[in-house]
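**Q** This is upload_1.txt, which holds compact mmCIF, C-alpha atoms and all ligand atoms:
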# COMPACT_ATOMS: atom_id res chain seq x y z
CA MET H 1 -7.81 114.91 -74.42
CA SER H 2 -8.08 112.46 -71.55
CA PHE H 3 -9.71 109.05 -71.86
CA ARG H 4 -12.57 110.46 -69.76
CA THR H 5 -13.16 113.33 -72.22
CA THR H 6 -12.78 110.97 -75.13
CA ARG H 7 -15.38 108.69 -73.60
CA ALA H 8 -17.85 111.54 -73.25
CA VAL H 9 -17.31 112.48 -76.89
CA ALA H 10 -17.65 108.85 -77.90
CA ALA H 11 -20.86 108.48 -75.91
CA PHE H 12 -22.24 111.55 -77.62
CA ALA H 13 -21.15 110.28 -81.02
CA GLY H 14 -22.60 106.85 -80.21
CA ALA H 15 -25.92 108.44 -79.32
CA ALA H 16 -25.87 110.36 -82.58
CA LEU H 17 -25.23 107.13 -84.46
CA LEU H 18 -28.09 105.43 -82.67
CA MET H 19 -30.40 108.28 -83.52
CA GLY H 20 -29.28 107.95 -87.11
CA GLY H 21 -30.36 104.31 -87.10
CA LEU H 22 -26.81 103.00 -87.31
CA ALA H 23 -26.83 101.13 -84.02
CA ALA H 24 -25.40 98.02 -85.64
CA CYS H 25 -22.09 99.83 -86.07
CA SER H 26 -21.56 100.44 -82.38
CA SER H 27 -19.20 98.21 -80.42
CA GLU H 28 -20.18 96.17 -77.39
CA ARG H 29 -18.23 98.24 -74.92
CA THR H 30 -19.91 101.63 -74.99
CA ASP H 31 -21.37 100.89 -71.56
CA ASP H 32 -18.05 101.06 -69.83
CA GLY H 33 -15.87 103.33 -71.80
CA GLY H 34 -15.56 102.10 -75.35
CA THR H 35 -14.86 104.64 -78.05
CA ASP H 36 -16.60 103.04 -80.94
CA ALA H 37 -17.36 106.09 -82.99
CA GLY H 38 -13.92 106.78 -84.30
CA GLY H 39 -12.73 108.53 -81.14
CA GLU H 40 -10.11 106.02 -80.06
CA ALA H 41 -8.57 107.00 -76.75
CA ALA H 42 -4.79 107.07 -76.65
CA ALA H 43 -2.82 105.14 -74.07
CA SER H 44 -1.01 108.32 -73.09
CA ASP H 45 -4.35 109.89 -72.12
CA THR H 46 -5.29 106.96 -69.93
CA LEU H 47 -4.43 106.71 -66.25
CA VAL H 48 -4.43 103.17 -64.88
CA GLY H 49 -4.48 102.79 -61.09
CA ILE H 50 -2.93 99.53 -59.89
CA ALA H 51 -3.75 98.47 -56.31
CA MET H 52 -1.67 95.58 -54.98
CA PRO H 53 -2.18 94.01 -51.53
CA THR H 54 1.31 93.99 -50.05
CA LYS H 55 4.99 94.30 -50.76
CA SER H 56 5.76 91.61 -48.22
CA LEU H 57 5.13 88.76 -50.65
CA GLU H 58 7.43 88.35 -53.58
CA ARG H 59 4.73 87.54 -56.09
CA TRP H 60 2.87 90.84 -55.64
CA ASN H 61 6.09 92.80 -56.18
CA LYS H 62 6.59 90.95 -59.43
CA ASP H 63 2.93 91.39 -60.40
CA GLY H 64 3.04 95.11 -59.72
CA SER H 65 6.30 95.83 -61.48
CA ASN H 66 5.50 93.59 -64.48
CA LEU H 67 2.15 95.23 -65.06
CA GLU H 68 3.44 98.73 -64.47
CA SER H 69 6.31 98.37 -66.93
CA LEU H 70 4.15 96.71 -69.60
CA LEU H 71 1.64 99.54 -69.37
CA GLN H 72 4.26 102.26 -69.27
CA ASP H 73 6.00 100.75 -72.30
CA ALA H 74 2.67 100.94 -74.12
CA GLY H 75 2.43 104.61 -73.19
CA TYR H 76 -0.11 104.49 -70.36
CA GLU H 77 0.11 106.62 -67.26
CA THR H 78 0.16 104.45 -64.16
CA ASN H 79 -0.21 104.79 -60.41
CA LEU H 80 0.96 101.66 -58.56
CA GLN H 81 0.24 101.30 -54.84
CA TYR H 82 0.83 98.57 -52.27
CA ALA H 83 -1.38 98.45 -49.16
CA ASP H 84 0.63 96.57 -46.53
CA ASN H 85 -2.22 94.01 -46.33
CA LYS H 86 -4.42 96.66 -44.64
CA VAL H 87 -7.93 96.92 -46.03
CA ASP H 88 -8.44 100.57 -45.00
CA GLN H 89 -5.17 101.54 -46.60
CA GLN H 90 -6.21 99.91 -49.87
CA ILE H 91 -9.57 101.70 -49.80
CA THR H 92 -7.80 105.05 -49.28
CA GLN H 93 -5.42 104.30 -52.14
CA LEU H 94 -8.32 103.47 -54.45
CA GLN H 95 -10.14 106.63 -53.41
CA ASN H 96 -7.02 108.66 -54.21
CA MET H 97 -6.79 107.03 -57.64
CA ILE H 98 -10.44 107.88 -58.29
CA ASN H 99 -9.85 111.46 -57.15
CA ALA H 100 -6.85 111.63 -59.50
CA ASP H 101 -9.20 110.85 -62.40
CA ALA H 102 -8.05 107.31 -63.08
CA ASP H 103 -9.74 105.77 -66.11
CA ILE H 104 -9.17 102.13 -65.22
CA LEU H 105 -8.53 100.45 -61.87
CA VAL H 106 -6.72 97.12 -61.57
CA VAL H 107 -7.29 95.75 -58.08
CA ALA H 108 -5.74 92.77 -56.31
CA SER H 109 -7.94 93.01 -53.23
CA ILE H 110 -7.03 92.21 -49.65
CA ASP H 111 -10.57 91.56 -48.45
CA GLY H 112 -12.69 90.83 -51.49
CA THR H 113 -15.88 91.85 -49.73
CA ALA H 114 -14.76 95.26 -48.44
CA LEU H 115 -14.56 97.33 -51.61
CA GLY H 116 -18.25 97.85 -52.48
CA PRO H 117 -18.57 101.54 -51.49
CA VAL H 118 -15.30 102.72 -53.05
CA LEU H 119 -16.03 100.84 -56.27
CA ALA H 120 -19.53 102.32 -56.37
CA ASP H 121 -17.83 105.71 -56.41
CA ALA H 122 -15.53 104.50 -59.21
CA LYS H 123 -18.52 103.31 -61.22
CA SER H 124 -20.33 106.62 -60.74
CA LYS H 125 -17.31 108.20 -62.46
CA ASP H 126 -17.42 105.66 -65.27
CA ILE H 127 -14.16 104.00 -64.29
CA THR H 128 -13.64 100.44 -65.52
CA VAL H 129 -12.61 98.00 -62.78
CA ILE H 130 -10.56 94.85 -63.36
CA ALA H 131 -10.19 92.40 -60.47
CA TYR H 132 -6.62 91.15 -60.57
CA ASP H 133 -5.87 87.60 -59.37
CA ARG H 134 -8.51 87.81 -56.59
CA LEU H 135 -12.21 88.26 -57.26
CA ILE H 136 -13.97 91.26 -55.70
CA ASN H 137 -17.23 90.15 -54.11
CA GLU H 138 -20.67 91.51 -53.29
CA THR H 139 -20.58 94.41 -55.74
CA PRO H 140 -21.95 94.98 -59.24
CA ASP H 141 -19.08 97.41 -59.88
CA VAL H 142 -16.41 95.04 -61.10
CA ASP H 143 -16.22 94.65 -64.85
CA TYR H 144 -13.65 91.93 -65.52
CA TYR H 145 -11.53 89.42 -63.69
CA ALA H 146 -8.17 87.99 -64.74
CA THR H 147 -6.52 85.22 -62.76
CA PHE H 148 -4.92 81.82 -62.84
CA ASP H 149 -7.29 78.88 -62.61
CA ASN H 150 -7.56 78.82 -58.83
CA TYR H 151 -9.38 75.50 -58.58
CA GLN H 152 -6.72 73.92 -60.79
CA VAL H 153 -4.01 75.18 -58.43
CA GLY H 154 -5.58 73.12 -55.63
CA GLN H 155 -6.17 70.15 -57.90
CA GLU H 156 -2.50 70.09 -58.84
CA GLN H 157 -1.50 70.10 -55.18
CA GLY H 158 -3.96 67.30 -54.36
CA LYS H 159 -2.94 65.20 -57.36
CA PHE H 160 0.75 65.66 -56.56
CA ILE H 161 0.14 64.27 -53.07
CA GLU H 162 -2.01 61.45 -54.44
CA GLU H 163 0.66 60.41 -56.93
CA THR H 164 3.69 60.88 -54.70
CA LEU H 165 2.19 58.76 -51.93
CA GLY H 166 0.60 56.17 -54.26
CA LEU H 167 -2.83 56.75 -52.75
CA ALA H 168 -4.67 55.58 -55.87
CA ASP H 169 -2.81 52.27 -55.51
CA GLY H 170 -4.11 51.87 -51.97
CA GLU H 171 -0.97 52.99 -50.12
CA GLY H 172 -1.21 54.39 -46.61
CA PRO H 173 -2.07 55.24 -43.94
CA TYR H 174 -0.11 58.48 -43.96
CA ASN H 175 -0.27 61.35 -41.49
CA LEU H 176 -1.50 64.52 -43.18
CA GLU H 177 -1.67 68.09 -41.89
CA PRO H 178 -3.79 70.33 -44.12
CA PHE H 179 -3.63 74.14 -44.22
CA ALA H 180 -5.79 76.67 -46.03
CA GLY H 181 -5.26 80.27 -47.09
CA SER H 182 -6.60 83.53 -45.73
CA PRO H 183 -10.33 83.36 -44.91
CA ASP H 184 -10.91 86.81 -46.45
CA ASP H 185 -9.32 85.83 -49.78
CA ASN H 186 -11.83 84.51 -52.29
CA ASN H 187 -9.12 82.45 -54.00
CA ALA H 188 -8.40 80.44 -50.88
CA LYS H 189 -11.66 78.51 -51.03
CA PHE H 190 -10.94 77.51 -54.65
CA PHE H 191 -7.43 76.32 -53.74
CA PHE H 192 -8.78 74.28 -50.87
CA SER H 193 -11.70 72.81 -52.83
CA GLY H 194 -9.40 71.77 -55.66
CA ALA H 195 -7.10 69.93 -53.29
CA TRP H 196 -9.76 68.55 -50.96
CA ASP H 197 -11.78 67.10 -53.84
CA VAL H 198 -8.76 64.85 -54.44
CA LEU H 199 -7.75 64.21 -50.82
CA LEU H 200 -10.98 63.97 -48.81
CA PRO H 201 -11.89 60.51 -50.19
CA TYR H 202 -8.55 59.24 -48.87
CA VAL H 203 -9.22 60.82 -45.48
CA GLU H 204 -12.59 59.10 -45.44
CA SER H 205 -11.04 55.76 -46.44
CA GLY H 206 -8.40 56.08 -43.70
CA GLN H 207 -5.44 56.19 -46.12
CA LEU H 208 -4.84 59.73 -44.91
CA VAL H 209 -5.05 60.36 -41.19
CA VAL H 210 -5.05 63.85 -39.67
CA PRO H 211 -3.64 63.50 -36.12
CA SER H 212 -4.39 67.14 -35.24
CA GLY H 213 -8.04 66.67 -36.14
CA LYS H 214 -7.78 69.80 -38.32
CA SER H 215 -9.53 68.07 -41.16
CA PRO H 216 -12.47 70.02 -42.64
CA VAL H 217 -15.51 67.75 -43.05
CA ASP H 218 -16.18 69.27 -46.45
CA ASN H 219 -15.00 72.05 -48.77
CA GLU H 220 -17.28 74.60 -47.12
CA ALA H 221 -15.49 74.19 -43.78
CA TRP H 222 -12.11 75.33 -45.15
CA GLN H 223 -11.99 78.57 -43.19
CA SER H 224 -11.59 76.61 -39.95
CA ILE H 225 -7.98 75.89 -40.98
CA GLY H 226 -7.30 79.20 -42.78
CA ILE H 227 -4.28 81.34 -41.95
CA LEU H 228 -5.45 84.96 -41.89
CA GLY H 229 -3.27 87.22 -44.05
CA TRP H 230 -1.25 84.32 -45.48
CA GLY H 231 1.59 84.98 -43.01
CA SER H 232 4.63 82.68 -42.86
CA ASP H 233 5.03 83.32 -39.13
CA ASP H 234 1.44 82.35 -38.39
CA ALA H 235 1.77 79.18 -40.46
CA GLN H 236 4.98 78.35 -38.61
CA ALA H 237 3.31 78.88 -35.24
CA GLU H 238 0.32 76.74 -36.24
CA MET H 239 2.58 73.93 -37.49
CA GLU H 240 4.66 74.08 -34.30
CA THR H 241 1.50 73.83 -32.21
CA ARG H 242 0.30 70.82 -34.17
CA LEU H 243 3.68 69.09 -33.95
CA ASN H 244 4.03 69.76 -30.22
CA SER H 245 0.49 68.75 -29.39
CA PHE H 246 -0.15 65.77 -31.62
CA TYR H 247 3.21 64.30 -32.58
CA ALA H 248 4.94 64.33 -29.21
CA GLY H 249 4.68 60.56 -28.83
CA GLY H 250 7.05 59.77 -31.70
CA GLU H 251 4.58 59.95 -34.56
CA THR H 252 5.80 61.67 -37.73
CA VAL H 253 3.99 63.82 -40.22
CA ASP H 254 4.20 62.41 -43.76
CA VAL H 255 2.53 65.11 -45.80
CA VAL H 256 1.51 68.74 -45.42
CA LEU H 257 -0.99 70.39 -47.75
CA SER H 258 0.11 74.01 -47.96
CA PRO H 259 -1.93 76.22 -50.30
CA ASN H 260 0.94 78.56 -51.15
CA ASP H 261 4.60 79.34 -50.76
CA SER H 262 4.38 81.86 -47.91
CA LEU H 263 2.72 79.25 -45.72
CA ALA H 264 5.10 76.52 -46.92
CA LEU H 265 8.05 78.67 -45.85
CA GLY H 266 6.77 78.87 -42.27
CA ILE H 267 5.79 75.20 -42.21
CA ALA H 268 9.30 74.22 -43.38
CA GLN H 269 10.80 76.24 -40.55
CA ALA H 270 8.61 74.45 -38.04
CA LEU H 271 9.62 71.08 -39.49
CA GLU H 272 13.28 71.98 -39.33
CA ALA H 273 12.97 73.14 -35.72
CA ALA H 274 11.23 69.86 -34.86
CA GLY H 275 14.19 67.90 -36.23
CA TYR H 276 12.94 66.66 -39.61
CA THR H 277 15.77 66.06 -42.09
CA PRO H 278 15.54 67.00 -45.79
CA GLY H 279 15.89 63.99 -48.06
CA GLU H 280 15.18 61.61 -45.16
CA ASP H 281 12.03 61.97 -43.09
CA TRP H 282 10.99 65.35 -44.48
CA PRO H 283 7.28 65.23 -45.37
CA VAL H 284 5.78 65.91 -48.78
CA LEU H 285 5.09 69.65 -48.73
CA THR H 286 3.14 71.55 -51.39
CA GLY H 287 3.18 75.24 -52.35
CA GLN H 288 2.16 77.80 -54.91
CA ASP H 289 3.74 80.81 -56.65
CA GLY H 290 7.34 79.82 -57.26
CA ASP H 291 8.76 82.39 -54.85
CA GLN H 292 12.54 82.49 -54.85
CA ALA H 293 12.98 81.30 -51.24
CA ASN H 294 10.66 78.38 -51.92
CA VAL H 295 12.43 77.41 -55.12
CA ASN H 296 15.62 77.31 -53.11
CA ASN H 297 13.82 75.20 -50.52
CA MET H 298 12.78 72.80 -53.30
CA LEU H 299 16.39 72.55 -54.43
CA ALA H 300 17.32 71.78 -50.81
CA ASP H 301 14.59 69.08 -50.51
CA LYS H 302 12.56 71.17 -48.06
CA GLN H 303 9.55 71.59 -50.33
CA SER H 304 8.28 69.05 -52.85
CA MET H 305 6.57 71.21 -55.44
CA THR H 306 5.15 74.61 -56.18
CA VAL H 307 2.29 75.54 -58.47
CA TRP H 308 3.95 78.24 -60.47
CA LYS H 309 2.02 81.24 -61.65
CA ASP H 310 3.97 83.08 -64.30
CA THR H 311 3.00 86.59 -63.27
CA ARG H 312 4.32 87.88 -66.59
CA THR H 313 1.47 86.14 -68.42
CA LEU H 314 -1.14 87.58 -66.04
CA ALA H 315 0.26 91.09 -66.46
CA ALA H 316 0.26 90.64 -70.24
CA GLN H 317 -3.35 89.45 -70.22
CA VAL H 318 -4.47 92.41 -68.12
CA ALA H 319 -2.54 94.83 -70.34
CA LYS H 320 -4.35 93.30 -73.30
CA MET H 321 -7.71 93.79 -71.57
CA ILE H 322 -6.80 97.42 -70.95
CA ASP H 323 -5.87 97.93 -74.61
CA GLN H 324 -9.20 96.41 -75.63
CA ILE H 325 -11.17 98.57 -73.19
CA VAL H 326 -9.42 101.74 -74.34
CA ALA H 327 -9.85 100.84 -78.01
CA GLY H 328 -13.55 100.13 -77.44
CA GLU H 329 -13.13 96.53 -78.51
CA THR H 330 -14.78 93.47 -77.03
CA VAL H 331 -12.71 92.34 -74.08
CA GLU H 332 -11.49 88.78 -74.47
CA VAL H 333 -12.56 86.40 -71.69
CA ASN H 334 -12.65 82.59 -71.52
CA ASP H 335 -14.88 81.90 -68.52
CA GLU H 336 -18.30 83.43 -68.02
CA GLU H 337 -19.67 80.86 -65.58
CA THR H 338 -17.41 80.21 -62.64
CA TYR H 339 -16.83 83.49 -60.87
CA ASP H 340 -20.12 84.56 -59.30
CA ASN H 341 -19.31 87.35 -56.85
CA GLY H 342 -22.66 87.19 -55.09
CA VAL H 343 -24.16 89.92 -57.27
CA LYS H 344 -23.05 89.00 -60.78
CA THR H 345 -20.97 86.50 -62.68
CA VAL H 346 -17.83 88.39 -63.58
CA PRO H 347 -16.42 87.80 -67.10
CA THR H 348 -13.06 86.18 -66.48
CA TYR H 349 -9.85 85.31 -68.26
CA LEU H 350 -8.28 82.21 -66.68
CA LEU H 351 -4.63 81.35 -67.20
CA PRO H 352 -3.16 77.89 -66.59
CA PRO H 353 -0.83 77.39 -63.60
CA LYS H 354 2.04 74.89 -63.84
CA VAL H 355 3.54 72.41 -61.42
CA VAL H 356 7.27 72.92 -60.86
CA THR H 357 9.47 70.48 -58.96
CA LYS H 358 13.16 70.40 -58.19
CA ASP H 359 13.72 68.59 -61.50
CA THR H 360 12.02 71.23 -63.62
CA VAL H 361 13.34 74.39 -61.97
CA GLN H 362 15.96 74.89 -64.66
CA ALA H 363 13.61 74.32 -67.62
CA ASP H 364 10.58 76.16 -66.27
CA LEU H 365 11.99 78.97 -64.18
CA VAL H 366 15.48 79.68 -65.47
CA ASP H 367 15.27 78.87 -69.18
CA SER H 368 12.05 80.93 -69.40
CA GLY H 369 13.84 83.90 -67.84
CA PHE H 370 11.62 84.03 -64.74
CA TYR H 371 14.75 83.76 -62.60
CA ASP H 372 18.42 84.20 -63.33
CA ALA H 373 20.41 81.11 -62.44
CA ALA H 374 22.39 83.37 -60.09
CA ASP H 375 19.19 84.04 -58.06
CA LEU H 376 18.88 80.36 -57.22
CA ASP H 377 20.98 77.79 -55.35
CA LEU H 378 21.34 75.67 -58.48
C1 LIG E 401 -2.82 84.41 -54.63
C2 LIG E 401 -1.65 83.52 -54.35
C3 LIG E 401 -0.86 84.05 -53.19
C4 LIG E 401 -1.76 84.38 -52.00
C5 LIG E 401 -1.02 85.09 -50.90
C6 LIG E 401 -3.64 84.55 -53.38
O1 LIG E 401 -4.77 85.33 -53.61
O2 LIG E 401 -3.60 83.89 -55.68
O3 LIG E 401 -0.84 83.42 -55.50
O4 LIG E 401 0.09 83.13 -52.77
O5 LIG E 401 -2.84 85.17 -52.40
O6 LIG E 401 -0.59 86.33 -51.29
Here is a file; write its structure as structure tokens.
Ligand code: BGC

**A**
Amino acid sequence: MSFRTTRAVAAFAGAALLMGGLAACSSERTDDGGTDAGGEAAASDTLVGIAMPTKSLERWNKDGSNLESLLQDAGYETNLQYADNKVDQQITQLQNMINADADILVVASIDGTALGPVLADAKSKDITVIAYDRLINETPDVDYYATFDNYQVGQEQGKFIEETLGLADGEGPYNLEPFAGSPDDNNAKFFFSGAWDVLLPYVESGQLVVPSGKSPVDNEAWQSIGILGWGSDDAQAEMETRLNSFYAGGETVDVVLSPNDSLALGIAQALEAAGYTPGEDWPVLTGQDGDQANVNNMLADKQSMTVWKDTRTLAAQVAKMIDQIVAGETVEVNDEETYDNGVKTVPTYLLPPKVVTKDTVQADLVDSGFYDAADLDL
């Protein structure tokens, strides 16, 4: 019996219980697929569709394969798809999963505002939807959200810059070039706000100077410096333009706020091409994810830090949510306030990200088994 059939039986049994005046026995999840009346659905009868944005970024490959193997090991059926960062492709993939009678959809969206109609169809078929890493906006049809604390990611980047440059001690002025993530990614505004809440006061005091003028006046203006699609090439081109246009007279850039590793990779290439030397005049450069190429750049003094997201813990948390949904248990969340998607506040499980620097690569990334030493230029 599939999870869908089991749910129908459970709903019927739940109704019978209610009619019998035993409502207090029912679980809290009957609304979206719980099987509280003794009809526990089996993992092997449950199809989980996993929609990832792209294979072109290392983290999503790890996310997809971690989650898929955890679920398969637990006996679930899975359907994992990557959408080449194309919104229409992701919508088609989701529609195919719905047509294949998926019971649960796990979605790392490309454009968080574009999935309303396809998720309405999912909801009409009683499918539970979990937003993975990125919130899905402007729809009531998302049930849960699991992610790393996105605001904290930005805070860690801002605080790293503050401490490394001694800004709290009054040091400066330093030349800063800030970047932000993809304007269609809901996470990007949290990353930027977290960092800008630390750095903007120093811009206003003149301790940080932005020669390019690409300095958002407030958190809301972050999209003006966003790199659509998070592409390394686009970040490289933007950094080259800034260096050529605003640093031609011998000025040097001291610090670059990069929201993630894919942008940091392109920015590092632009710096290298412009003649900056690692370990000498190379600017402070932030990142996020702990991608292999960026870890190697940290080891080579071409990137100062990364905010590591251990994708294994996110996959494990989502697998736990799925177990709880299928068992009809209350789904564990730890934030029911922050993630308003424009229609509802989505119950969320937030995981803590961690700052990794050159000095902690071995302890954090190798000793934990995230990378083999042989993968890195240690
Ligand atoms: C993720 C980041 C990632 C970025 C680009 C964001 O939504 O949270 O970890 O670097 O997308 O893929």

**Q** Taking only C-alpha atoms and all ligand atoms into account, report as a PyMOL selection string which residues have an atom no farther than 7 Å from an atom of ligand LIG 401 (chain E).

**A** chain H and resi 57+59+133-134+185+187-188+230+260-262+288-289

**Q** Quick one: residues within 9 Å of Ala180 (chain H), all atoms listed in the file counted, chain neighbours fewer than 2 positions away excluded, as JSON, numbers by chain?

**A** {"H": [178, 182, 183, 188, 189, 191, 192, 222, 223, 224, 225, 226, 227, 230, 257, 258, 259, 260, 263]}

**Q** From the set H:Thr92, H:Asn61, H:Asn137, H:Asn294, which residue has the shortest atom-to-atom contact distance to Tyr339 (chain H), counting only C-alpha atoms?

**A** H:Asn137

**Q** Tell me, in Å to one decimal, how far CA of Lys55 (chain H) is from CA of Leu314 (chain H).

**A** 17.8 Å

**Q** To one decimal in Å, tell me the separation between CA of Ala273 (chain H) and CA of Pro211 (chain H).

**A**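 Answer for the CA of Ala273 (chain H) to CA of Pro211 (chain H) separation: 19.2 Å.
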
**Q** Name the closest residue to Leu71 (chain H) among the candidates H:Leu208, H:Val318, H:Val284, H:Val118; distances are taken between atoms, counting all atoms listed in the file.

**A**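 Using all atoms listed in the file, Leu71 (chain H) sits closest to H:Val318.
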
**Q** Measuring between all atoms listed in the file, which one of H:Asp149, H:Ser109, H:Val198, H:Leu299 shows the shortest distance to Asp84 (chain H)?

**A** H:Ser109

**Q** Return the single residue from H:Ile98, H:Met298, H:Ala43, H:Ala221 that is closest to Gln72 (chain H), with distances computed using all atoms listed in the file.

**A** H:Ala43

**Q** Compile the contact shell of Leu350 (chain H) as JSON, numbers by chain: residues with an atom at most 9 Å away, counting all atoms listed in the file, same-chain residues fewer than 2 positions apart removed.

**A** {"H": [145, 146, 147, 148, 149, 150, 314, 333, 334, 335, 348, 352]}

**Q** Please determine, counting only C-alpha atoms, which residue among H:Ser56, H:Gln157, H:Asn186, H:Thr164 has the shortest atom-to-atom distance to Asp111 (chain H).

**A** H:Asn186

**Q** Can you tell me which residues surround region 362-374 of chain H at a distance of at most 10 Å, considering only C-alpha atoms, apart from same-chain residues fewer than 5 positions away, and format the answer as an NGL selection string?

**A** :H and (290-292 or 295 or 308 or 310-312 or 354-357)

**Q** For CA of Val129 (chain H) and CA of Val142 (chain H), determine how far apart the two atoms are, in Å to one decimal place.

**A**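 Here the two named atoms are 5.1 Å from each other.
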
**Q** Using only C-alpha atoms, which of H:Val48, H:Asp184, H:Thr78, H:Asn297 sits nearest Gly229 (chain H)?

**A**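 Once distances to Gly229 (chain H) are computed over only C-alpha atoms, the minimum belongs to H:Asp184.
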
**Q** Do you know which residues are at most 6 Å from Val256 (chain H) counting only C-alpha atoms, after dropping those on the same chain fewer than 5 positions away, and could you put them as a list in words?

**A**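 Returned residues: Leu176, Glu177, Pro178 and Leu285 of chain H.
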
**Q** Anything within 8 Å of (-22.1, 96.1, -59.9): list those residues as a ChimeraX atom specification, counting all atoms listed in the file and sticking to the file's coordinates.

**A** /H:120,139-143,343-344
